[in-house]
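Visitor: I'm passing along target06.txt; it holds compact mmCIF, N, CA and C atoms.
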# COMPACT_ATOMS: atom_id res chain seq x y z
N MET A 1 309.06 229.08 118.64
CA MET A 1 308.49 229.65 117.44
C MET A 1 307.72 228.53 116.73
N LYS A 2 306.55 228.90 116.21
CA LYS A 2 305.70 227.96 115.48
C LYS A 2 305.24 228.59 114.18
N LEU A 3 304.86 227.74 113.25
CA LEU A 3 304.26 228.21 112.00
C LEU A 3 302.80 227.79 111.97
N GLN A 4 301.93 228.75 111.64
CA GLN A 4 300.50 228.48 111.50
C GLN A 4 300.10 228.79 110.06
N SER A 5 299.45 227.83 109.42
CA SER A 5 299.02 228.03 108.04
C SER A 5 298.13 229.27 107.94
N LEU A 6 298.43 230.13 106.99
CA LEU A 6 297.62 231.32 106.75
C LEU A 6 296.74 231.12 105.51
N PHE A 7 297.35 230.69 104.40
CA PHE A 7 296.58 230.40 103.20
C PHE A 7 297.42 229.64 102.19
N LYS A 8 296.71 229.07 101.23
CA LYS A 8 297.31 228.52 100.02
C LYS A 8 296.81 229.38 98.87
N ALA A 9 297.66 229.57 97.87
CA ALA A 9 297.28 230.41 96.74
C ALA A 9 297.73 229.78 95.44
N GLU A 10 296.94 230.02 94.42
CA GLU A 10 297.36 229.76 93.06
C GLU A 10 297.27 231.09 92.34
N ILE A 11 298.40 231.57 91.86
CA ILE A 11 298.48 232.88 91.21
C ILE A 11 298.79 232.65 89.74
N THR A 12 297.89 233.10 88.87
CA THR A 12 298.06 232.85 87.44
C THR A 12 298.93 233.95 86.82
N LEU A 13 299.68 233.55 85.80
CA LEU A 13 300.71 234.42 85.22
C LEU A 13 300.60 234.50 83.71
N ALA A 14 300.96 235.65 83.17
CA ALA A 14 301.13 235.82 81.73
C ALA A 14 302.57 235.42 81.38
N PRO A 15 302.87 235.26 80.11
CA PRO A 15 304.26 234.96 79.74
C PRO A 15 305.22 236.05 80.22
N PRO A 16 306.43 235.65 80.59
CA PRO A 16 307.42 236.63 81.08
C PRO A 16 307.81 237.64 80.01
N GLN A 17 308.07 238.84 80.45
CA GLN A 17 308.69 239.86 79.61
C GLN A 17 310.18 239.79 79.90
N GLU A 18 310.96 239.35 78.94
CA GLU A 18 312.40 239.18 79.12
C GLU A 18 313.10 240.46 78.69
N LEU A 19 313.68 241.18 79.65
CA LEU A 19 314.35 242.44 79.36
C LEU A 19 315.82 242.26 79.01
N GLY A 20 316.37 241.08 79.26
CA GLY A 20 317.77 240.81 78.95
C GLY A 20 318.68 241.09 80.12
N GLU A 21 319.97 241.01 79.84
CA GLU A 21 320.98 241.23 80.88
C GLU A 21 321.01 242.71 81.26
N ALA A 22 320.83 242.95 82.54
CA ALA A 22 320.85 244.29 83.09
C ALA A 22 322.00 244.35 84.11
N PRO A 23 322.24 245.49 84.73
CA PRO A 23 323.38 245.62 85.65
C PRO A 23 323.40 244.59 86.79
N HIS A 24 322.21 244.14 87.26
CA HIS A 24 322.19 243.22 88.41
C HIS A 24 321.91 241.78 88.01
N GLY A 25 321.72 241.52 86.72
CA GLY A 25 321.42 240.18 86.24
C GLY A 25 320.36 240.24 85.14
N ARG A 26 319.83 239.07 84.80
CA ARG A 26 318.82 239.00 83.75
C ARG A 26 317.48 239.42 84.33
N ARG A 27 316.95 240.52 83.83
CA ARG A 27 315.70 241.10 84.35
C ARG A 27 314.52 240.48 83.62
N ARG A 28 313.51 240.05 84.41
CA ARG A 28 312.27 239.49 83.88
C ARG A 28 311.10 240.14 84.63
N ILE A 29 310.05 240.46 83.91
CA ILE A 29 308.82 240.93 84.55
C ILE A 29 307.73 239.94 84.15
N ILE A 30 307.07 239.37 85.15
CA ILE A 30 306.05 238.36 84.90
C ILE A 30 304.71 238.91 85.40
N PRO A 31 303.84 239.33 84.48
CA PRO A 31 302.55 239.90 84.89
C PRO A 31 301.67 238.86 85.60
N ILE A 32 300.97 239.32 86.62
CA ILE A 32 300.01 238.49 87.35
C ILE A 32 298.63 238.77 86.76
N THR A 33 297.94 237.68 86.37
CA THR A 33 296.64 237.82 85.71
C THR A 33 295.46 237.51 86.62
N GLY A 34 295.71 236.95 87.80
CA GLY A 34 294.62 236.63 88.73
C GLY A 34 295.02 235.50 89.65
N GLY A 35 294.01 234.84 90.21
CA GLY A 35 294.28 233.70 91.07
C GLY A 35 293.33 233.62 92.24
N ARG A 36 293.58 232.64 93.09
CA ARG A 36 292.74 232.39 94.27
C ARG A 36 293.61 232.22 95.50
N VAL A 37 293.09 232.67 96.64
CA VAL A 37 293.71 232.51 97.96
C VAL A 37 292.68 231.83 98.84
N SER A 38 293.10 230.76 99.54
CA SER A 38 292.14 230.09 100.42
C SER A 38 292.80 229.68 101.73
N GLY A 39 292.14 230.07 102.82
CA GLY A 39 292.60 229.74 104.15
C GLY A 39 291.50 230.03 105.15
N GLU A 40 291.65 229.55 106.37
CA GLU A 40 290.63 229.77 107.39
C GLU A 40 290.43 231.25 107.71
N ARG A 41 291.54 232.02 107.76
CA ARG A 41 291.44 233.41 108.16
C ARG A 41 291.54 234.39 107.00
N LEU A 42 291.94 233.90 105.82
CA LEU A 42 292.11 234.79 104.67
C LEU A 42 291.79 234.03 103.39
N SER A 43 290.75 234.47 102.70
CA SER A 43 290.34 233.86 101.43
C SER A 43 289.90 234.96 100.48
N GLY A 44 290.04 234.69 99.20
CA GLY A 44 289.59 235.65 98.20
C GLY A 44 290.25 235.39 96.88
N ARG A 45 290.35 236.46 96.11
CA ARG A 45 290.95 236.32 94.78
C ARG A 45 292.12 237.28 94.63
N VAL A 46 293.06 236.89 93.80
CA VAL A 46 294.18 237.75 93.44
C VAL A 46 293.73 238.57 92.24
N LEU A 47 293.81 239.88 92.37
CA LEU A 47 293.38 240.76 91.29
C LEU A 47 294.44 240.84 90.20
N PRO A 48 294.03 240.93 88.94
CA PRO A 48 295.00 241.14 87.88
C PRO A 48 295.67 242.50 88.04
N GLY A 49 296.87 242.61 87.53
CA GLY A 49 297.55 243.91 87.54
C GLY A 49 298.86 243.93 88.30
N GLY A 50 299.13 242.94 89.10
CA GLY A 50 300.41 242.87 89.79
C GLY A 50 301.45 242.23 88.88
N ALA A 51 302.64 242.01 89.43
CA ALA A 51 303.70 241.36 88.67
C ALA A 51 304.78 240.87 89.61
N ASP A 52 305.63 240.01 89.08
CA ASP A 52 306.85 239.58 89.76
C ASP A 52 308.01 240.19 88.98
N TRP A 53 308.72 241.12 89.61
CA TRP A 53 309.86 241.79 89.01
C TRP A 53 311.10 241.00 89.42
N GLN A 54 311.49 240.04 88.61
CA GLN A 54 312.58 239.13 88.94
C GLN A 54 313.92 239.60 88.36
N VAL A 55 314.97 239.20 89.07
CA VAL A 55 316.31 239.29 88.53
C VAL A 55 316.94 237.92 88.70
N VAL A 56 317.39 237.34 87.60
CA VAL A 56 318.11 236.07 87.66
C VAL A 56 319.59 236.40 87.70
N ARG A 57 320.20 236.10 88.84
CA ARG A 57 321.60 236.46 89.07
C ARG A 57 322.55 235.54 88.30
N ALA A 58 323.81 235.93 88.25
CA ALA A 58 324.83 235.15 87.55
C ALA A 58 324.99 233.75 88.16
N ASP A 59 324.68 233.60 89.44
CA ASP A 59 324.79 232.28 90.08
C ASP A 59 323.55 231.41 89.86
N GLY A 60 322.59 231.89 89.06
CA GLY A 60 321.39 231.11 88.76
C GLY A 60 320.24 231.32 89.71
N VAL A 61 320.44 232.08 90.78
CA VAL A 61 319.37 232.34 91.74
C VAL A 61 318.42 233.38 91.17
N ALA A 62 317.12 233.08 91.21
CA ALA A 62 316.11 234.06 90.82
C ALA A 62 315.70 234.82 92.07
N ALA A 63 315.97 236.12 92.08
CA ALA A 63 315.51 236.99 93.17
C ALA A 63 314.09 237.42 92.83
N LEU A 64 313.13 236.99 93.64
CA LEU A 64 311.71 237.21 93.38
C LEU A 64 311.24 238.48 94.09
N ASP A 65 310.41 239.25 93.43
CA ASP A 65 309.86 240.48 94.00
C ASP A 65 308.46 240.68 93.44
N ALA A 66 307.50 239.95 94.00
CA ALA A 66 306.12 239.99 93.50
C ALA A 66 305.30 240.97 94.33
N ARG A 67 304.47 241.74 93.64
CA ARG A 67 303.56 242.67 94.31
C ARG A 67 302.19 242.57 93.65
N TYR A 68 301.16 242.42 94.49
CA TYR A 68 299.82 242.23 93.96
C TYR A 68 298.79 242.54 95.04
N THR A 69 297.51 242.48 94.65
CA THR A 69 296.42 242.79 95.57
C THR A 69 295.50 241.58 95.70
N ILE A 70 295.12 241.29 96.95
CA ILE A 70 294.10 240.29 97.23
C ILE A 70 292.81 241.03 97.56
N GLU A 71 291.71 240.58 96.96
CA GLU A 71 290.39 241.04 97.34
C GLU A 71 289.72 239.89 98.09
N THR A 72 289.42 240.11 99.37
CA THR A 72 288.83 239.05 100.17
C THR A 72 287.38 238.82 99.76
N GLY A 73 286.82 237.69 100.19
CA GLY A 73 285.44 237.37 99.88
C GLY A 73 284.46 238.38 100.43
N ASP A 74 284.86 239.12 101.48
CA ASP A 74 283.98 240.13 102.06
C ASP A 74 284.36 241.55 101.64
N GLY A 75 285.16 241.67 100.56
CA GLY A 75 285.39 242.97 99.95
C GLY A 75 286.59 243.78 100.40
N ALA A 76 287.41 243.27 101.30
CA ALA A 76 288.61 244.01 101.72
C ALA A 76 289.70 243.90 100.66
N LEU A 77 290.50 244.94 100.54
CA LEU A 77 291.66 244.93 99.65
C LEU A 77 292.93 244.86 100.49
N ILE A 78 293.82 243.93 100.11
CA ILE A 78 295.06 243.71 100.85
C ILE A 78 296.21 243.72 99.87
N TYR A 79 297.15 244.62 100.09
CA TYR A 79 298.36 244.70 99.28
C TYR A 79 299.36 243.66 99.79
N VAL A 80 300.00 242.95 98.85
CA VAL A 80 301.00 241.94 99.20
C VAL A 80 302.31 242.30 98.51
N ALA A 81 303.38 242.33 99.28
CA ALA A 81 304.74 242.47 98.75
C ALA A 81 305.48 241.21 99.17
N ASN A 82 305.82 240.37 98.20
CA ASN A 82 306.37 239.06 98.49
C ASN A 82 307.73 238.91 97.83
N ARG A 83 308.77 238.90 98.66
CA ARG A 83 310.14 238.75 98.15
C ARG A 83 310.67 237.38 98.52
N GLY A 84 311.55 236.87 97.70
CA GLY A 84 312.12 235.56 97.99
C GLY A 84 313.18 235.16 97.00
N VAL A 85 313.51 233.87 97.03
CA VAL A 85 314.52 233.32 96.11
C VAL A 85 314.06 231.96 95.60
N ARG A 86 314.50 231.66 94.39
CA ARG A 86 314.30 230.32 93.82
C ARG A 86 315.62 229.89 93.20
N HIS A 87 316.06 228.68 93.53
CA HIS A 87 317.28 228.14 92.92
C HIS A 87 317.22 226.62 92.96
N GLY A 88 318.08 226.03 92.17
CA GLY A 88 318.15 224.58 92.11
C GLY A 88 319.18 224.15 91.09
N PRO A 89 319.28 222.85 90.86
CA PRO A 89 320.23 222.36 89.86
C PRO A 89 319.87 222.91 88.47
N PRO A 90 320.89 223.20 87.66
CA PRO A 90 320.62 223.81 86.34
C PRO A 90 319.63 223.02 85.49
N GLU A 91 319.69 221.70 85.51
CA GLU A 91 318.78 220.91 84.68
C GLU A 91 317.32 221.04 85.16
N VAL A 92 317.13 221.22 86.45
CA VAL A 92 315.78 221.43 87.00
C VAL A 92 315.27 222.80 86.61
N LEU A 93 316.12 223.82 86.73
CA LEU A 93 315.72 225.18 86.36
C LEU A 93 315.41 225.29 84.87
N GLN A 94 316.15 224.53 84.04
CA GLN A 94 315.87 224.53 82.59
C GLN A 94 314.47 223.97 82.31
N LYS A 95 314.10 222.91 83.04
CA LYS A 95 312.75 222.35 82.87
C LYS A 95 311.69 223.34 83.31
N LEU A 96 311.93 224.03 84.43
CA LEU A 96 310.98 225.06 84.87
C LEU A 96 310.82 226.15 83.82
N ALA A 97 311.94 226.60 83.28
CA ALA A 97 311.92 227.67 82.27
C ALA A 97 311.18 227.24 81.01
N ALA A 98 311.22 225.94 80.71
CA ALA A 98 310.53 225.42 79.53
C ALA A 98 309.05 225.14 79.80
N GLY A 99 308.60 225.36 81.06
CA GLY A 99 307.21 225.12 81.40
C GLY A 99 306.87 223.67 81.68
N GLU A 100 307.90 222.84 81.84
CA GLU A 100 307.68 221.43 82.13
C GLU A 100 307.32 221.25 83.60
N PRO A 101 306.51 220.24 83.92
CA PRO A 101 306.20 219.98 85.33
C PRO A 101 307.44 219.47 86.07
N VAL A 102 307.67 220.05 87.25
CA VAL A 102 308.83 219.68 88.07
C VAL A 102 308.37 219.55 89.52
N ASP A 103 308.79 218.50 90.17
CA ASP A 103 308.50 218.31 91.59
C ASP A 103 309.16 219.45 92.38
N PRO A 104 308.37 220.22 93.17
CA PRO A 104 308.97 221.34 93.91
C PRO A 104 310.01 220.91 94.94
N ALA A 105 310.06 219.65 95.28
CA ALA A 105 311.09 219.17 96.20
C ALA A 105 312.47 219.20 95.55
N LEU A 106 312.53 219.36 94.23
CA LEU A 106 313.81 219.34 93.51
C LEU A 106 314.47 220.72 93.43
N TYR A 107 313.79 221.76 93.91
CA TYR A 107 314.38 223.10 93.92
C TYR A 107 313.90 223.83 95.17
N TYR A 108 314.54 224.95 95.44
CA TYR A 108 314.25 225.76 96.63
C TYR A 108 313.52 227.01 96.20
N MET A 109 312.33 227.22 96.77
CA MET A 109 311.57 228.45 96.51
C MET A 109 310.93 228.87 97.82
N ARG A 110 311.47 229.93 98.43
CA ARG A 110 310.98 230.43 99.71
C ARG A 110 310.79 231.93 99.61
N THR A 111 309.77 232.42 100.33
CA THR A 111 309.43 233.84 100.25
C THR A 111 309.10 234.40 101.63
N THR A 112 309.07 235.72 101.69
CA THR A 112 308.68 236.44 102.91
C THR A 112 307.63 237.49 102.53
N PRO A 113 306.36 237.09 102.54
CA PRO A 113 305.30 238.05 102.19
C PRO A 113 304.99 239.01 103.32
N TRP A 114 304.73 240.27 102.96
CA TRP A 114 304.29 241.32 103.88
C TRP A 114 302.95 241.84 103.38
N PHE A 115 302.08 242.17 104.30
CA PHE A 115 300.73 242.58 103.96
C PHE A 115 300.47 244.00 104.46
N GLU A 116 299.59 244.70 103.73
CA GLU A 116 299.21 246.05 104.14
C GLU A 116 297.74 246.26 103.75
N THR A 117 296.95 246.69 104.72
CA THR A 117 295.55 246.99 104.45
C THR A 117 295.07 248.08 105.39
N GLY A 118 294.07 248.83 104.94
CA GLY A 118 293.42 249.82 105.79
C GLY A 118 292.09 249.31 106.33
N ASP A 119 291.73 248.08 105.99
CA ASP A 119 290.47 247.49 106.44
C ASP A 119 290.64 246.97 107.86
N ALA A 120 289.85 247.50 108.80
CA ALA A 120 289.99 247.15 110.23
C ALA A 120 289.82 245.65 110.48
N ARG A 121 289.01 244.97 109.67
CA ARG A 121 288.80 243.53 109.86
C ARG A 121 290.06 242.71 109.63
N TYR A 122 290.98 243.26 108.86
CA TYR A 122 292.21 242.54 108.53
C TYR A 122 293.46 243.28 109.00
N ALA A 123 293.31 244.23 109.91
CA ALA A 123 294.44 245.01 110.40
C ALA A 123 295.51 244.13 111.04
N TRP A 124 295.14 242.98 111.54
CA TRP A 124 296.10 242.05 112.14
C TRP A 124 297.19 241.65 111.13
N LEU A 125 296.86 241.68 109.83
CA LEU A 125 297.86 241.35 108.81
C LEU A 125 299.01 242.36 108.78
N ASN A 126 298.73 243.60 109.18
CA ASN A 126 299.76 244.65 109.18
C ASN A 126 300.82 244.41 110.26
N ARG A 127 300.58 243.46 111.16
CA ARG A 127 301.44 243.27 112.33
C ARG A 127 302.07 241.90 112.42
N ILE A 128 302.01 241.09 111.35
CA ILE A 128 302.56 239.74 111.45
C ILE A 128 303.71 239.54 110.48
N VAL A 129 304.52 238.53 110.78
CA VAL A 129 305.60 238.10 109.90
C VAL A 129 305.21 236.74 109.34
N CYS A 130 305.43 236.57 108.05
CA CYS A 130 305.07 235.31 107.39
C CYS A 130 306.24 234.79 106.56
N VAL A 131 306.20 233.50 106.30
CA VAL A 131 307.12 232.85 105.38
C VAL A 131 306.29 232.00 104.43
N GLY A 132 306.83 231.76 103.27
CA GLY A 132 306.09 230.97 102.29
C GLY A 132 307.00 230.01 101.56
N THR A 133 306.39 229.00 101.02
CA THR A 133 307.07 228.06 100.15
C THR A 133 306.29 228.00 98.86
N GLY A 134 306.97 227.77 97.76
CA GLY A 134 306.27 227.86 96.49
C GLY A 134 306.67 226.81 95.49
N ALA A 135 305.86 226.75 94.45
CA ALA A 135 306.10 225.87 93.31
C ALA A 135 305.75 226.65 92.05
N ARG A 136 306.63 226.60 91.07
CA ARG A 136 306.40 227.27 89.78
C ARG A 136 305.78 226.27 88.83
N ARG A 137 304.67 226.62 88.27
CA ARG A 137 304.00 225.81 87.25
C ARG A 137 304.12 226.54 85.92
N ALA A 138 303.66 225.94 84.83
CA ALA A 138 303.82 226.53 83.51
C ALA A 138 303.22 227.93 83.43
N ALA A 139 302.00 228.12 83.96
CA ALA A 139 301.34 229.43 83.86
C ALA A 139 300.83 229.91 85.21
N ALA A 140 301.44 229.43 86.28
CA ALA A 140 300.98 229.82 87.62
C ALA A 140 302.08 229.57 88.64
N VAL A 141 301.88 230.16 89.80
CA VAL A 141 302.71 229.88 90.98
C VAL A 141 301.77 229.40 92.07
N GLU A 142 302.16 228.35 92.76
CA GLU A 142 301.43 227.88 93.92
C GLU A 142 302.22 228.27 95.15
N LEU A 143 301.55 228.89 96.10
CA LEU A 143 302.20 229.32 97.34
C LEU A 143 301.48 228.73 98.53
N GLU A 144 302.24 228.43 99.57
CA GLU A 144 301.67 228.12 100.86
C GLU A 144 302.32 229.07 101.84
N VAL A 145 301.51 229.89 102.52
CA VAL A 145 302.00 230.95 103.39
C VAL A 145 301.66 230.62 104.83
N PHE A 146 302.65 230.83 105.71
CA PHE A 146 302.51 230.54 107.14
C PHE A 146 302.81 231.78 107.96
N GLU A 147 302.02 232.01 108.99
CA GLU A 147 302.31 233.05 109.96
C GLU A 147 303.33 232.49 110.95
N VAL A 148 304.34 233.29 111.25
CA VAL A 148 305.33 232.93 112.27
C VAL A 148 304.76 233.36 113.63
N LYS A 149 304.54 232.41 114.50
CA LYS A 149 303.96 232.68 115.84
C LYS A 149 305.06 232.83 116.86
In structure tokens, how does this file's structure come out?
Guide:
Amino acid sequence: MKLQSLFKAEITLAPPQELGEAPHGRRRIIPITGGRVSGERLSGRVLPGGADWQVVRADGVAALDARYTIETGDGALIYVANRGVRHGPPEVLQKLAAGEPVDPALYYMRTTPWFETGDARYAWLNRIVCVGTGARRAAAVELEVFEVK
């Protein structure tokens, strides 16, 4: 098994909507305001209107559930459903929550993005498995996504 780089992304975010403690943990909705995706086989922009529907569990793990649309440079629309987890030492997570810069090596953020499109030029995305690694910034998320070969 090998990993092949698919793209790097910077996804811009609005402030979180904090819903409070819910049955499964602390519910947060983080609106996606835009962003950029760049790679050899997939490039474009992240359209505003998506969000990350997070639940922060009692053990401190953030269960990530982001859904958004990429518009490629040649006009294709690609739906992305990206689930994952983020966790780390409490003092590191407190800095992230405060919007302070934190080295991503100090916490774990991994995702499994799935793609869906009706555009024949990108139909190959409907048939691949990917993994991603991420970094949370004050007003954005940086992702690096790899196709599992």
Visitor: Given only C-alpha atoms as the basis, pick out the residue of A:Leu77, A:Leu93, A:Ala98, A:Val85 nearest to Val46 (chain A).
Guide: A:Leu77
Visitor: Using DSSP on the backbone coordinates, identify all residues within chain A classified as strand (DSSP E or B); present the result as number ranges by chain.
Guide: A: 3-13, 17-22, 25-38, 44-46, 51-56, 62-72, 77-87, 108-116, 130-136, 140-148
Visitor: Taking 6 positions as the minimum chain separation for residues in the same chain, which residues sit within 6 Å of Glu116 (chain A) when counting only N, CA and C atoms? Answer as a PyMOL selection string.
Guide: chain A and resi 77-80+125-126
Visitor: Which polymer residues have any atom within 6.5 Å of an atom of region 138-148 of chain A, counting only N, CA and C atoms, with same-chain residues fewer than 2 positions away left out, as a PyMOL selection string?
Guide: chain A and resi 1-14+99-101+128-136
Visitor: Store the residues picked out above, limited to N, CA and C atoms, as a PDB file, keeping the file's coordinate frame.
Guide:
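Everything below was put into selection_38.pdb:
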ATOM      1  N   MET A   1     309.060 229.080 118.640  1.00  0.00           N
ATOM      2  CA  MET A   1     308.490 229.650 117.440  1.00  0.00           C
ATOM      3  C   MET A   1     307.720 228.530 116.730  1.00  0.00           C
ATOM      4  N   LYS A   2     306.550 228.900 116.210  1.00  0.00           N
ATOM      5  CA  LYS A   2     305.700 227.960 115.480  1.00  0.00           C
ATOM      6  C   LYS A   2     305.240 228.590 114.180  1.00  0.00           C
ATOM      7  N   LEU A   3     304.860 227.740 113.250  1.00  0.00           N
ATOM      8  CA  LEU A   3     304.260 228.210 112.000  1.00  0.00           C
ATOM      9  C   LEU A   3     302.800 227.790 111.970  1.00  0.00           C
ATOM     10  N   GLN A   4     301.930 228.750 111.640  1.00  0.00           N
ATOM     11  CA  GLN A   4     300.500 228.480 111.500  1.00  0.00           C
ATOM     12  C   GLN A   4     300.100 228.790 110.060  1.00  0.00           C
ATOM     13  N   SER A   5     299.450 227.830 109.420  1.00  0.00           N
ATOM     14  CA  SER A   5     299.020 228.030 108.040  1.00  0.00           C
ATOM     15  C   SER A   5     298.130 229.270 107.940  1.00  0.00           C
ATOM     16  N   LEU A   6     298.430 230.130 106.990  1.00  0.00           N
ATOM     17  CA  LEU A   6     297.620 231.320 106.750  1.00  0.00           C
ATOM     18  C   LEU A   6     296.740 231.120 105.510  1.00  0.00           C
ATOM     19  N   PHE A   7     297.350 230.690 104.400  1.00  0.00           N
ATOM     20  CA  PHE A   7     296.580 230.400 103.200  1.00  0.00           C
ATOM     21  C   PHE A   7     297.420 229.640 102.190  1.00  0.00           C
ATOM     22  N   LYS A   8     296.710 229.070 101.230  1.00  0.00           N
ATOM     23  CA  LYS A   8     297.310 228.520 100.020  1.00  0.00           C
ATOM     24  C   LYS A   8     296.810 229.380  98.870  1.00  0.00           C
ATOM     25  N   ALA A   9     297.660 229.570  97.870  1.00  0.00           N
ATOM     26  CA  ALA A   9     297.280 230.410  96.740  1.00  0.00           C
ATOM     27  C   ALA A   9     297.730 229.780  95.440  1.00  0.00           C
ATOM     28  N   GLU A  10     296.940 230.020  94.420  1.00  0.00           N
ATOM     29  CA  GLU A  10     297.360 229.760  93.060  1.00  0.00           C
ATOM     30  C   GLU A  10     297.270 231.090  92.340  1.00  0.00           C
ATOM     31  N   ILE A  11     298.400 231.570  91.860  1.00  0.00           N
ATOM     32  CA  ILE A  11     298.480 232.880  91.210  1.00  0.00           C
ATOM     33  C   ILE A  11     298.790 232.650  89.740  1.00  0.00           C
ATOM     34  N   THR A  12     297.890 233.100  88.870  1.00  0.00           N
ATOM     35  CA  THR A  12     298.060 232.850  87.440  1.00  0.00           C
ATOM     36  C   THR A  12     298.930 233.950  86.820  1.00  0.00           C
ATOM     37  N   LEU A  13     299.680 233.550  85.800  1.00  0.00           N
ATOM     38  CA  LEU A  13     300.710 234.420  85.220  1.00  0.00           C
ATOM     39  C   LEU A  13     300.600 234.500  83.710  1.00  0.00           C
ATOM     40  N   ALA A  14     300.960 235.650  83.170  1.00  0.00           N
ATOM     41  CA  ALA A  14     301.130 235.820  81.730  1.00  0.00           C
ATOM     42  C   ALA A  14     302.570 235.420  81.380  1.00  0.00           C
ATOM     43  N   GLY A  99     308.600 225.360  81.060  1.00  0.00           N
ATOM     44  CA  GLY A  99     307.210 225.120  81.400  1.00  0.00           C
ATOM     45  C   GLY A  99     306.870 223.670  81.680  1.00  0.00           C
ATOM     46  N   GLU A 100     307.900 222.840  81.840  1.00  0.00           N
ATOM     47  CA  GLU A 100     307.680 221.430  82.130  1.00  0.00           C
ATOM     48  C   GLU A 100     307.320 221.250  83.600  1.00  0.00           C
ATOM     49  N   PRO A 101     306.510 220.240  83.920  1.00  0.00           N
ATOM     50  CA  PRO A 101     306.200 219.980  85.330  1.00  0.00           C
ATOM     51  C   PRO A 101     307.440 219.470  86.070  1.00  0.00           C
ATOM     52  N   ILE A 128     302.010 241.090 111.350  1.00  0.00           N
ATOM     53  CA  ILE A 128     302.560 239.740 111.450  1.00  0.00           C
ATOM     54  C   ILE A 128     303.710 239.540 110.480  1.00  0.00           C
ATOM     55  N   VAL A 129     304.520 238.530 110.780  1.00  0.00           N
ATOM     56  CA  VAL A 129     305.600 238.100 109.900  1.00  0.00           C
ATOM     57  C   VAL A 129     305.210 236.740 109.340  1.00  0.00           C
ATOM     58  N   CYS A 130     305.430 236.570 108.050  1.00  0.00           N
ATOM     59  CA  CYS A 130     305.070 235.310 107.390  1.00  0.00           C
ATOM     60  C   CYS A 130     306.240 234.790 106.560  1.00  0.00           C
ATOM     61  N   VAL A 131     306.200 233.500 106.300  1.00  0.00           N
ATOM     62  CA  VAL A 131     307.120 232.850 105.380  1.00  0.00           C
ATOM     63  C   VAL A 131     306.290 232.000 104.430  1.00  0.00           C
ATOM     64  N   GLY A 132     306.830 231.760 103.270  1.00  0.00           N
ATOM     65  CA  GLY A 132     306.090 230.970 102.290  1.00  0.00           C
ATOM     66  C   GLY A 132     307.000 230.010 101.560  1.00  0.00           C
ATOM     67  N   THR A 133     306.390 229.000 101.020  1.00  0.00           N
ATOM     68  CA  THR A 133     307.070 228.060 100.150  1.00  0.00           C
ATOM     69  C   THR A 133     306.290 228.000  98.860  1.00  0.00           C
ATOM     70  N   GLY A 134     306.970 227.770  97.760  1.00  0.00           N
ATOM     71  CA  GLY A 134     306.270 227.860  96.490  1.00  0.00           C
ATOM     72  C   GLY A 134     306.670 226.810  95.490  1.00  0.00           C
ATOM     73  N   ALA A 135     305.860 226.750  94.450  1.00  0.00           N
ATOM     74  CA  ALA A 135     306.100 225.870  93.310  1.00  0.00           C
ATOM     75  C   ALA A 135     305.750 226.650  92.050  1.00  0.00           C
ATOM     76  N   ARG A 136     306.630 226.600  91.070  1.00  0.00           N
ATOM     77  CA  ARG A 136     306.400 227.270  89.780  1.00  0.00           C
ATOM     78  C   ARG A 136     305.780 226.270  88.830  1.00  0.00           C
TER      79      ARG A 136
END
Visitor: Could you name the residues that touch Arg83 (chain A) at 6.5 Å or less, counting only N, CA and C atoms, but leaving out those on the same chain fewer than 5 positions away, as a list in words?
Guide: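 Close residues of Arg83 (chain A): Leu64, Asp65, Ala66, Arg110, Thr111, Thr112, Pro113 and Trp114 of chain A.
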Visitor: Any idea what the distance is between CA of Pro16 (chain A) and CA of Ile30 (chain A)?
Guide: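 These two atoms are separated by 4.4 Å.
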Visitor: May I ask which of the residues A:Leu42, A:Ala97, A:Ala105, A:Ala51 is the closest one to Gly73 (chain A), counting all atoms listed in the file?
Guide: A:Leu42
Visitor: Nearest to Asn82 (chain A): which of A:Arg28, A:Lys95, A:Tyr68, A:Trp124 is it, counting all atoms listed in the file?
Guide: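 Nearest candidate to Asn82 (chain A) out of A:Arg28, A:Lys95, A:Tyr68, A:Trp124: A:Tyr68.
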Visitor: For Arg57 (chain A), which residue among A:Val102, A:Arg26, A:Pro89, A:Arg127 is the nearest when counting only N, CA and C atoms?
Guide: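 Among the listed residues, A:Arg26 lies closest to Arg57 (chain A).
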Visitor: Restore N, CA, C and O atoms in region 4-9 of chain A and list the result as a PDB file, in the coordinates of the input.
Guide:
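And here is the file that came out, rebuild26.pdb:
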ATOM      1  N   GLN A   4     301.930 228.750 111.640  1.00  0.00           N
ATOM      2  CA  GLN A   4     300.500 228.480 111.500  1.00  0.00           C
ATOM      3  C   GLN A   4     300.100 228.790 110.060  1.00  0.00           C
ATOM      4  O   GLN A   4     300.360 229.882 109.555  1.00  0.00           O
ATOM      5  N   SER A   5     299.450 227.830 109.420  1.00  0.00           N
ATOM      6  CA  SER A   5     299.020 228.030 108.040  1.00  0.00           C
ATOM      7  C   SER A   5     298.130 229.270 107.940  1.00  0.00           C
ATOM      8  O   SER A   5     297.193 229.435 108.715  1.00  0.00           O
ATOM      9  N   LEU A   6     298.430 230.130 106.990  1.00  0.00           N
ATOM     10  CA  LEU A   6     297.620 231.320 106.750  1.00  0.00           C
ATOM     11  C   LEU A   6     296.740 231.120 105.510  1.00  0.00           C
ATOM     12  O   LEU A   6     295.552 231.341 105.532  1.00  0.00           O
ATOM     13  N   PHE A   7     297.350 230.690 104.400  1.00  0.00           N
ATOM     14  CA  PHE A   7     296.580 230.400 103.200  1.00  0.00           C
ATOM     15  C   PHE A   7     297.420 229.640 102.190  1.00  0.00           C
ATOM     16  O   PHE A   7     298.643 229.591 102.273  1.00  0.00           O
ATOM     17  N   LYS A   8     296.710 229.070 101.230  1.00  0.00           N
ATOM     18  CA  LYS A   8     297.310 228.520 100.020  1.00  0.00           C
ATOM     19  C   LYS A   8     296.810 229.380  98.870  1.00  0.00           C
ATOM     20  O   LYS A   8     295.679 229.875  98.913  1.00  0.00           O
ATOM     21  N   ALA A   9     297.660 229.570  97.870  1.00  0.00           N
ATOM     22  CA  ALA A   9     297.280 230.410  96.740  1.00  0.00           C
ATOM     23  C   ALA A   9     297.730 229.780  95.440  1.00  0.00           C
ATOM     24  O   ALA A   9     298.760 229.103  95.386  1.00  0.00           O
TER      25      ALA A   9
END
